[in-house]
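A.B. asks: Below is my_file-v7.tsv; it holds TSV, C-alpha atoms.
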chain	number	residue	atom	x	y	z
A	1	MET	CA	115.55	23.74	84.56
A	2	SER	CA	118.50	21.62	85.69
A	3	ASP	CA	118.81	17.86	85.22
A	4	GLY	CA	118.27	17.31	88.96
A	5	PRO	CA	114.71	18.70	89.14
A	6	ASN	CA	113.83	17.09	85.79
A	7	ARG	CA	114.95	13.69	87.09
A	8	GLU	CA	112.96	14.15	90.30
A	9	HIS	CA	109.85	15.03	88.31
A	10	ARG	CA	110.22	11.93	86.14
A	11	LEU	CA	110.71	9.69	89.20
A	12	LEU	CA	107.65	11.13	90.97
A	13	LEU	CA	105.41	10.67	87.95
A	14	LEU	CA	106.77	7.15	87.42
A	15	ALA	CA	105.97	6.18	91.02
A	16	ALA	CA	102.48	7.70	90.82
A	17	MET	CA	101.64	5.94	87.54
A	18	ALA	CA	103.05	2.62	88.80
A	19	SER	CA	100.81	2.88	91.87
A	20	VAL	CA	97.70	3.53	89.77
A	21	ALA	CA	98.48	0.66	87.38
A	22	THR	CA	99.16	-1.79	90.24
A	23	ALA	CA	95.93	-0.88	92.03
A	24	LEU	CA	93.84	-1.36	88.86
A	25	VAL	CA	95.34	-4.81	88.17
A	26	LEU	CA	94.73	-5.89	91.78
A	27	ILE	CA	91.12	-4.67	91.68
A	28	ALA	CA	90.38	-6.79	88.61
A	29	ALA	CA	92.01	-9.92	90.03
A	30	LYS	CA	90.51	-9.59	93.53
A	31	THR	CA	87.02	-8.94	92.16
A	32	VAL	CA	87.11	-12.27	90.32
A	33	ALA	CA	88.52	-14.05	93.38
A	34	TRP	CA	85.92	-12.57	95.75
A	35	LEU	CA	83.02	-13.52	93.46
A	36	MET	CA	84.33	-17.09	93.32
A	37	THR	CA	85.10	-17.51	97.05
A	38	GLY	CA	82.64	-15.24	98.88
A	39	SER	CA	85.36	-14.53	101.46
A	40	VAL	CA	84.90	-11.34	103.48
A	41	SER	CA	88.68	-11.23	103.94
A	42	LEU	CA	89.08	-11.09	100.18
A	43	LEU	CA	86.34	-8.45	100.04
A	44	ALA	CA	88.36	-6.45	102.57
A	45	SER	CA	91.41	-6.72	100.36
A	46	LEU	CA	89.34	-5.76	97.30
A	47	VAL	CA	87.90	-2.67	98.97
A	48	ASP	CA	91.38	-1.78	100.14
A	49	SER	CA	92.64	-1.97	96.55
A	50	VAL	CA	89.75	0.22	95.36
A	51	MET	CA	90.74	2.79	97.98
A	52	ASP	CA	94.35	2.43	96.84
A	53	SER	CA	93.39	3.25	93.26
A	54	LEU	CA	91.46	6.35	94.30
A	55	ALA	CA	94.28	7.45	96.60
A	56	SER	CA	96.83	6.83	93.84
A	57	LEU	CA	94.83	8.96	91.40
A	58	ILE	CA	94.70	11.74	93.99
A	59	ASN	CA	98.46	11.37	94.40
A	60	PHE	CA	99.07	11.51	90.67
A	61	PHE	CA	97.25	14.82	90.20
A	62	ALA	CA	98.56	16.27	93.47
A	63	ILE	CA	102.16	15.48	92.52
A	64	ARG	CA	101.72	17.01	89.06
A	65	TYR	CA	100.35	20.16	90.68
A	66	SER	CA	103.08	20.26	93.35
A	67	LEU	CA	105.72	20.25	90.59
A	68	VAL	CA	104.38	23.52	89.14
A	69	PRO	CA	107.02	26.22	89.74
A	70	ALA	CA	106.34	29.10	92.13
A	71	ASP	CA	104.26	31.91	90.64
A	72	GLU	CA	103.00	35.35	91.66
A	73	GLU	CA	100.13	33.90	93.68
A	74	HIS	CA	102.13	31.03	95.22
A	75	ARG	CA	105.53	32.48	96.05
A	76	PHE	CA	106.53	29.43	98.11
A	77	GLY	CA	105.57	26.96	95.38
A	78	HIS	CA	102.83	24.32	95.38
A	79	GLY	CA	104.48	21.65	97.53
A	80	LYS	CA	101.69	21.51	100.13
A	81	ALA	CA	99.46	19.88	97.53
A	82	GLU	CA	101.19	16.64	98.54
A	83	ALA	CA	100.09	17.04	102.17
A	84	LEU	CA	96.54	17.75	101.00
A	85	ALA	CA	96.73	14.53	98.97
A	86	GLY	CA	97.76	12.71	102.13
A	87	LEU	CA	94.65	13.99	103.92
A	88	GLY	CA	92.52	12.88	100.98
A	89	GLN	CA	94.05	9.41	101.17
A	90	ALA	CA	93.33	9.23	104.90
A	91	LEU	CA	89.65	10.05	104.34
A	92	PHE	CA	89.28	7.37	101.66
A	93	ILE	CA	91.08	4.78	103.77
A	94	ALA	CA	89.02	5.58	106.88
A	95	GLY	CA	85.80	5.27	104.87
A	96	SER	CA	86.82	1.85	103.56
A	97	SER	CA	87.65	0.63	107.06
A	98	VAL	CA	84.17	1.56	108.36
A	99	PHE	CA	82.58	-0.41	105.51
A	100	LEU	CA	84.80	-3.40	106.23
A	101	ILE	CA	84.01	-3.36	109.95
A	102	HIS	CA	80.31	-3.60	109.06
A	103	GLN	CA	80.86	-6.49	106.62
A	104	SER	CA	83.14	-8.35	109.03
A	105	VAL	CA	80.63	-8.15	111.89
A	106	LEU	CA	77.93	-9.55	109.58
A	107	LYS	CA	80.26	-12.42	108.61
A	108	LEU	CA	81.00	-13.17	112.28
A	109	MET	CA	77.29	-13.29	113.03
A	110	ASP	CA	76.56	-15.61	110.08
A	111	PRO	CA	79.74	-17.49	109.02
A	112	THR	CA	79.55	-19.34	105.71
A	113	PRO	CA	82.02	-21.73	103.99
A	114	ILE	CA	84.60	-20.31	101.57
A	115	GLU	CA	84.52	-21.77	98.06
A	116	ALA	CA	87.35	-22.09	95.50
A	117	SER	CA	89.92	-21.18	98.14
A	118	MET	CA	92.87	-22.11	95.86
A	119	VAL	CA	91.81	-19.41	93.40
A	120	GLY	CA	91.86	-16.87	96.23
A	121	ILE	CA	95.27	-18.04	97.41
A	122	GLY	CA	96.68	-17.72	93.89
A	123	VAL	CA	95.35	-14.17	93.55
A	124	MET	CA	96.78	-13.14	96.93
A	125	VAL	CA	100.22	-14.56	96.08
A	126	ALA	CA	100.16	-12.57	92.83
A	127	SER	CA	99.09	-9.50	94.84
A	128	ILE	CA	102.08	-9.88	97.14
A	129	VAL	CA	104.49	-10.07	94.19
A	130	LEU	CA	102.99	-6.97	92.50
A	131	THR	CA	102.86	-5.01	95.75
A	132	PHE	CA	106.46	-5.85	96.61
A	133	GLY	CA	107.61	-4.68	93.17
A	134	LEU	CA	105.71	-1.41	93.59
A	135	LEU	CA	107.22	-0.87	97.04
A	136	LEU	CA	110.73	-1.20	95.62
A	137	ILE	CA	109.93	1.56	93.12
A	138	GLN	CA	108.30	3.78	95.75
A	139	ARG	CA	111.08	3.40	98.31
A	140	TYR	CA	113.68	4.34	95.70
A	141	VAL	CA	111.69	7.41	94.65
A	142	VAL	CA	111.17	8.52	98.27
A	143	ARG	CA	114.94	8.25	98.93
A	144	GLN	CA	115.67	10.31	95.84
A	145	THR	CA	112.95	12.96	96.22
A	146	GLY	CA	111.64	12.95	99.80
A	147	SER	CA	108.06	13.04	98.48
A	148	THR	CA	105.42	13.12	101.23
A	149	ALA	CA	102.65	11.80	98.98
A	150	ILE	CA	104.67	8.83	97.70
A	151	GLU	CA	105.78	8.00	101.24
A	152	ALA	CA	102.17	7.99	102.46
A	153	ASP	CA	101.19	5.72	99.57
A	154	SER	CA	104.13	3.44	100.33
A	155	LEU	CA	103.18	3.09	104.01
A	156	HIS	CA	99.76	1.86	103.01
A	157	TYR	CA	101.14	-0.72	100.59
A	158	VAL	CA	103.49	-2.02	103.30
A	159	SER	CA	100.43	-2.82	105.42
A	160	ASP	CA	98.93	-4.59	102.39
A	161	LEU	CA	101.72	-7.17	102.46
A	162	ALA	CA	100.84	-8.23	106.00
A	163	VAL	CA	97.13	-8.20	105.14
A	164	ASN	CA	97.65	-10.44	102.10
A	165	VAL	CA	99.63	-12.98	104.12
A	166	GLY	CA	96.80	-13.07	106.68
A	167	ILE	CA	94.20	-13.66	103.97
A	168	ILE	CA	96.23	-16.55	102.52
A	169	ALA	CA	96.26	-18.12	106.00
A	170	VAL	CA	92.46	-17.73	106.28
A	171	LEU	CA	91.86	-19.31	102.88
A	172	ALA	CA	94.25	-22.15	103.65
A	173	VAL	CA	92.56	-23.18	106.93
A	174	SER	CA	88.98	-22.53	105.80
A	175	SER	CA	88.56	-26.20	104.91
A	176	LEU	CA	89.20	-27.16	108.55
A	177	GLY	CA	85.86	-25.73	109.61
A	178	TRP	CA	87.10	-22.49	111.23
A	179	LEU	CA	84.40	-20.43	109.54
A	180	TRP	CA	84.60	-17.62	112.14
A	181	LEU	CA	88.23	-16.89	111.18
A	182	ASP	CA	87.25	-15.19	107.92
A	183	GLY	CA	85.15	-12.55	109.70
A	184	ALA	CA	87.74	-12.13	112.48
A	185	VAL	CA	90.58	-11.51	110.03
A	186	GLY	CA	88.38	-9.13	108.04
A	187	LEU	CA	87.71	-7.15	111.22
A	188	ALA	CA	91.42	-7.09	112.12
A	189	ILE	CA	92.25	-5.82	108.62
A	190	ALA	CA	89.62	-3.09	108.91
A	191	LEU	CA	91.03	-1.89	112.25
A	192	PHE	CA	94.56	-1.99	110.85
A	193	ILE	CA	93.48	0.11	107.86
A	194	LEU	CA	91.80	2.61	110.21
A	195	ARG	CA	95.06	2.93	112.15
A	196	SER	CA	96.95	3.59	108.90
A	197	ALA	CA	94.44	6.32	108.00
A	198	TRP	CA	95.07	8.03	111.34
A	199	GLN	CA	98.86	7.94	110.86
A	200	ILE	CA	98.67	9.38	107.34
A	201	ALA	CA	96.22	12.13	108.40
A	202	SER	CA	98.38	13.06	111.40
A	203	GLU	CA	101.55	13.40	109.34
A	204	ALA	CA	99.83	15.37	106.56
A	205	SER	CA	98.19	17.72	109.10
A	206	GLN	CA	101.53	18.47	110.76
A	207	LEU	CA	103.07	19.36	107.39
A	208	LEU	CA	100.19	21.72	106.64
A	209	LEU	CA	100.69	23.30	110.09
A	210	ASP	CA	104.39	23.95	109.29
A	211	ARG	CA	105.78	21.65	111.97
A	212	GLU	CA	109.51	22.02	112.62
A	213	MET	CA	111.72	19.57	110.77
A	214	SER	CA	113.30	16.62	112.62
A	215	GLY	CA	115.42	17.28	115.71
A	216	ASP	CA	118.81	16.57	114.09
A	217	VAL	CA	118.35	19.51	111.70
A	218	ARG	CA	119.50	21.99	114.36
A	219	ASN	CA	122.61	19.90	115.06
A	220	ARG	CA	123.46	19.70	111.37
A	221	ILE	CA	123.04	23.45	110.91
A	222	SER	CA	125.04	24.13	114.07
A	223	ALA	CA	127.89	22.03	112.71
A	224	ILE	CA	127.80	23.96	109.42
A	225	VAL	CA	127.90	27.35	111.16
A	226	SER	CA	130.69	26.17	113.50
A	227	SER	CA	132.81	25.17	110.51
A	228	HIS	CA	133.17	28.88	109.67
A	229	PRO	CA	135.43	30.56	112.29
A	230	GLU	CA	134.15	34.04	111.40
A	231	ALA	CA	130.61	33.09	112.46
A	232	LEU	CA	129.99	33.72	116.16
A	233	GLY	CA	126.84	31.62	116.41
A	234	PHE	CA	123.20	31.66	115.39
A	235	HIS	CA	119.73	31.95	116.93
A	236	ASP	CA	116.01	32.06	116.03
A	237	LEU	CA	116.32	29.04	113.76
A	238	ARG	CA	113.00	28.18	112.07
A	239	THR	CA	112.38	25.29	109.68
A	240	ARG	CA	109.46	23.77	107.82
A	241	GLN	CA	108.83	21.36	104.96
A	242	SER	CA	106.60	21.93	101.93
A	243	GLY	CA	106.57	19.02	99.52
A	244	ARG	CA	110.21	18.35	98.72
A	245	THR	CA	111.38	21.87	99.62
A	246	SER	CA	112.91	22.62	103.03
A	247	PHE	CA	112.55	26.19	104.29
A	248	ILE	CA	115.32	27.22	106.70
A	249	GLN	CA	115.59	30.65	108.36
A	250	LEU	CA	118.11	31.76	110.98
A	251	HIS	CA	119.84	34.79	112.49
A	252	LEU	CA	123.63	34.67	112.13
A	253	ASP	CA	125.86	36.41	114.71
A	254	MET	CA	129.02	38.05	113.34
A	255	ASP	CA	131.62	40.62	114.31
A	256	GLN	CA	130.22	44.14	113.91
A	257	ASN	CA	133.62	45.27	112.58
A	258	LEU	CA	133.27	43.19	109.41
A	259	THR	CA	132.65	45.17	106.26
A	260	LEU	CA	129.34	44.71	104.46
A	261	ARG	CA	131.14	42.78	101.70
A	262	MET	CA	132.83	40.44	104.20
A	263	ALA	CA	129.57	39.83	106.09
A	264	HIS	CA	127.70	39.14	102.87
A	265	ASP	CA	130.34	36.71	101.62
A	266	LEU	CA	130.31	34.83	104.93
A	267	ALA	CA	126.52	34.46	104.82
A	268	ASP	CA	126.75	33.26	101.21
A	269	ARG	CA	129.28	30.56	102.12
A	270	ILE	CA	127.15	29.32	105.01
A	271	GLU	CA	124.02	29.34	102.84
A	272	THR	CA	125.84	27.31	100.17
A	273	ASP	CA	126.96	24.74	102.75
A	274	ILE	CA	123.43	24.42	104.15
A	275	LYS	CA	122.05	23.84	100.65
A	276	LYS	CA	124.66	21.12	100.11
A	277	ASP	CA	123.34	19.32	103.21
A	278	PHE	CA	119.68	20.08	102.36
A	279	PRO	CA	119.44	19.97	98.53
A	280	GLY	CA	116.80	22.26	97.08
A	281	ALA	CA	116.34	24.11	100.38
A	282	ASP	CA	115.13	27.71	100.52
A	283	VAL	CA	117.52	29.40	102.97
A	284	ILE	CA	117.18	32.90	104.45
A	285	ILE	CA	119.95	34.25	106.73
A	286	HIS	CA	119.54	37.47	108.71
A	287	LEU	CA	122.83	39.06	109.81
A	288	ASP	CA	123.13	40.28	113.42
A	289	PRO	CA	126.19	42.40	114.39
A	290	VAL	CA	127.84	41.50	117.70
A	291	ALA	CA	130.31	43.71	119.61
A	292	VAL	CA	133.52	41.73	120.17
A	293	GLY	CA	136.05	44.56	120.39
A	294	PRO	CA	136.61	48.29	119.77
A	295	LYS	CA	134.64	49.45	116.79
A	296	VAL	CA	136.83	50.63	113.91
A	297	SER	CA	135.90	54.06	112.60
A	298	VAL	CA	135.90	54.40	108.86
A	299	GLU	CA	136.89	57.80	107.51
A	300	PRO	CA	134.71	59.11	104.69
A	301	PRO	CA	136.42	59.38	101.29
A	302	GLY	CA	138.55	62.50	100.92
A	303	ALA	CA	138.86	63.09	104.67
A	304	LEU	CA	142.18	64.33	105.96
Please re-express this file's structure in structure tokens.

C.D. replies:
Amino acid sequence: MSDGPNREHRLLLLAAMASVATALVLIAAKTVAWLMTGSVSLLASLVDSVMDSLASLINFFAIRYSLVPADEEHRFGHGKAEALAGLGQALFIAGSSVFLIHQSVLKLMDPTPIEASMVGIGVMVASIVLTFGLLLIQRYVVRQTGSTAIEADSLHYVSDLAVNVGIIAVLAVSSLGWLWLDGAVGLAIALFILRSAWQIASEASQLLLDREMSGDVRNRISAIVSSHPEALGFHDLRTRQSGRTSFIQLHLDMDQNLTLRMAHDLADRIETDIKKDFPGADVIIHLDPVAVGPKVSVEPPGAL
């Protein structure tokens, strides 16, 4: 295996393990803070971190499985395990949001003072620092690998930053007598988490359904084909994404008078250029002869 795939594998496992470790540290800290403050907003953040840890564990095992090379039973590889992990994350996140909605409504109906608010603020500040550090790792890995599972995990942690800032604000003004704000912020967090679950599930579902890649892919492929004067055009372009592998299929139009060797070499050059623009892509090119002039007859060997 080349250095490129090995490096990608190491980066993916690093990001997955960093996510698990961060979630476990946050769970421990937020549990202590919630027990000391009784804040439903902190409880919301705690439950969110528990869901993060479960989702991160799912990611870790899904990524390890997705890195298994193609075999006789999975000719296209195991990349869709990442999309399945995304669906699993969405289910966990949606379940946590329903629980938080229930707890927040109870808090709104019976608001109680928040105790030891400075402890809660300190924990949330530490959470922001840890989350930001994890996001830097995840964003780098996504840029290098294009991992669907890591990107889904990263999107959720981005929302955590905004949530943590909101909780700090709640804890800071709790002493002013705005007891209802704790339940209101908890409810807002729950709805925000539910929205994140929908986005993750939608994206993962589209990948499992082999949705076409982004719209600029056709333009990029068209530019590659046009850079070869012997190519007369292309049609029936089909694309899909499975994990980090792009699958690209197209029909290439070429002069019917080209020899088999010339046609094959042209297709090889175009395939190489496409793979340069889409590293790791699986490219299939079907050759279609096009009449552009009088067909040249080829005499059989030994003919007079």

A.B. asks: Write out as a count of residues only each polymer residue whose atoms come within 8 Å of segment 233-245 of chain A, counting only C-alpha atoms; drop sequence neighbours fewer than 4 positions from it.

C.D. replies: 30

A.B. asks: Centre and edge lengths of an axis-aligned box around all listed atoms of segment 226-234 of chain A, with 8 Å added on each side, are to be given in Å to one decimal, as lines of an AutoDock Vina configuration file.

C.D. replies:
center_x = 129.3
center_y = 29.6
center_z = 113.0
size_x = 28.2
size_y = 24.9
size_z = 22.7

A.B. asks: With all atoms listed in the file as the atoms that count, which of A:Val141, A:Ala263, A:Ile270, A:Leu54 lies nearest to Asp288 of chain A?

C.D. replies: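 Looking at the shortest contact to Asp288 of chain A, the residue is A:Ala263.
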
A.B. asks: Could you work out how far atom CA of His9 of chain A lies from atom CA of Asp216 of chain A, giving the answer in Å with one decimal?

C.D. replies: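 So the answer is 27.3 Å.
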
A.B. asks: Pick from A:Ser104, A:Ser127, A:Gln256, A:Asn219: nearest to Tyr157 of chain A, with all atoms listed in the file counted?

C.D. replies: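 Nearest candidate to Tyr157 of chain A out of A:Ser104, A:Ser127, A:Gln256, A:Asn219: A:Ser127.
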
A.B. asks: Set the distance at 7 Å and use all atoms listed in the file: which residues neighbour segment 89-95 of chain A once local chain neighbours fewer than 4 positions away are removed? I'd like the list as a VMD selection string.

C.D. replies: chain A and resid 51 55 85 99 193 to 194 197 to 198 200 to 201

A.B. asks: Smallest atom-to-atom distance to Ala29 of chain A: which of A:Leu87, A:Ala62, A:Gly120, A:Arg10, using all atoms listed in the file?

C.D. replies: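 Once distances to Ala29 of chain A are computed over all atoms listed in the file, the minimum belongs to A:Gly120.
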
A.B. asks: Would you compute the distance between atom CA of Asn164 of chain A and atom CA of Met124 of chain A? Give it in Å to one decimal.

C.D. replies: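 Spanning atom CA of Asn164 of chain A to atom CA of Met124 of chain A is a straight-line distance of 5.9 Å.
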
A.B. asks: Do you have the atom CA of Leu161 of chain A-atom CA of Thr131 of chain A distance handy?

C.D. replies: 7.1 Å

A.B. asks: With distances taken over all atoms listed in the file, which residue among A:Leu191, A:Ile121, A:Leu179, A:Asp52 lies nearest His102 of chain A?

C.D. replies: A:Leu191

A.B. asks: So which one's closest to Val170 of chain A, A:Val283, A:Ile150, A:Leu42, A:Ile137? Using all atoms listed in the file, please.

C.D. replies: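 Among the listed residues, the smallest separation from Val170 of chain A belongs to A:Leu42.
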
A.B. asks: Near Asp48 of chain A, within 9 Å and counting all atoms listed in the file, which residues show up once chain neighbours fewer than 5 positions away are dropped, as JSON, numbers by chain?

C.D. replies: {"A": [27, 43, 53, 93, 96, 97, 160, 193]}

A.B. asks: Store the residues of this selection in a file with C-alpha atoms, as an mmCIF file, in the coordinates of the input.

C.D. replies:
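This is the output file result.cif:
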data_model
loop_
_atom_site.group_PDB
_atom_site.id
_atom_site.type_symbol
_atom_site.label_atom_id
_atom_site.label_comp_id
_atom_site.auth_asym_id
_atom_site.auth_seq_id
_atom_site.Cartn_x
_atom_site.Cartn_y
_atom_site.Cartn_z
ATOM 1 C CA ILE A 27 91.120 -4.670 91.680
ATOM 2 C CA LEU A 43 86.340 -8.450 100.040
ATOM 3 C CA SER A 53 93.390 3.250 93.260
ATOM 4 C CA ILE A 93 91.080 4.780 103.770
ATOM 5 C CA SER A 96 86.820 1.850 103.560
ATOM 6 C CA SER A 97 87.650 0.630 107.060
ATOM 7 C CA ASP A 160 98.930 -4.590 102.390
ATOM 8 C CA ILE A 193 93.480 0.110 107.860
#

A.B. asks: Which of these, A:Gly122, A:Pro229, A:Gly133, A:Pro279, has the shortest distance to Ala172 of chain A once you count all atoms listed in the file?

C.D. replies: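 Closest residue, counting all atoms listed in the file: A:Gly122.
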
A.B. asks: Please identify all polymer residues within 8 Å of Ser154 of chain A, counting all atoms listed in the file, omitting same-chain residues fewer than 6 positions from it, and present them as a ChimeraX atom specification.

C.D. replies: /A:135,138-139
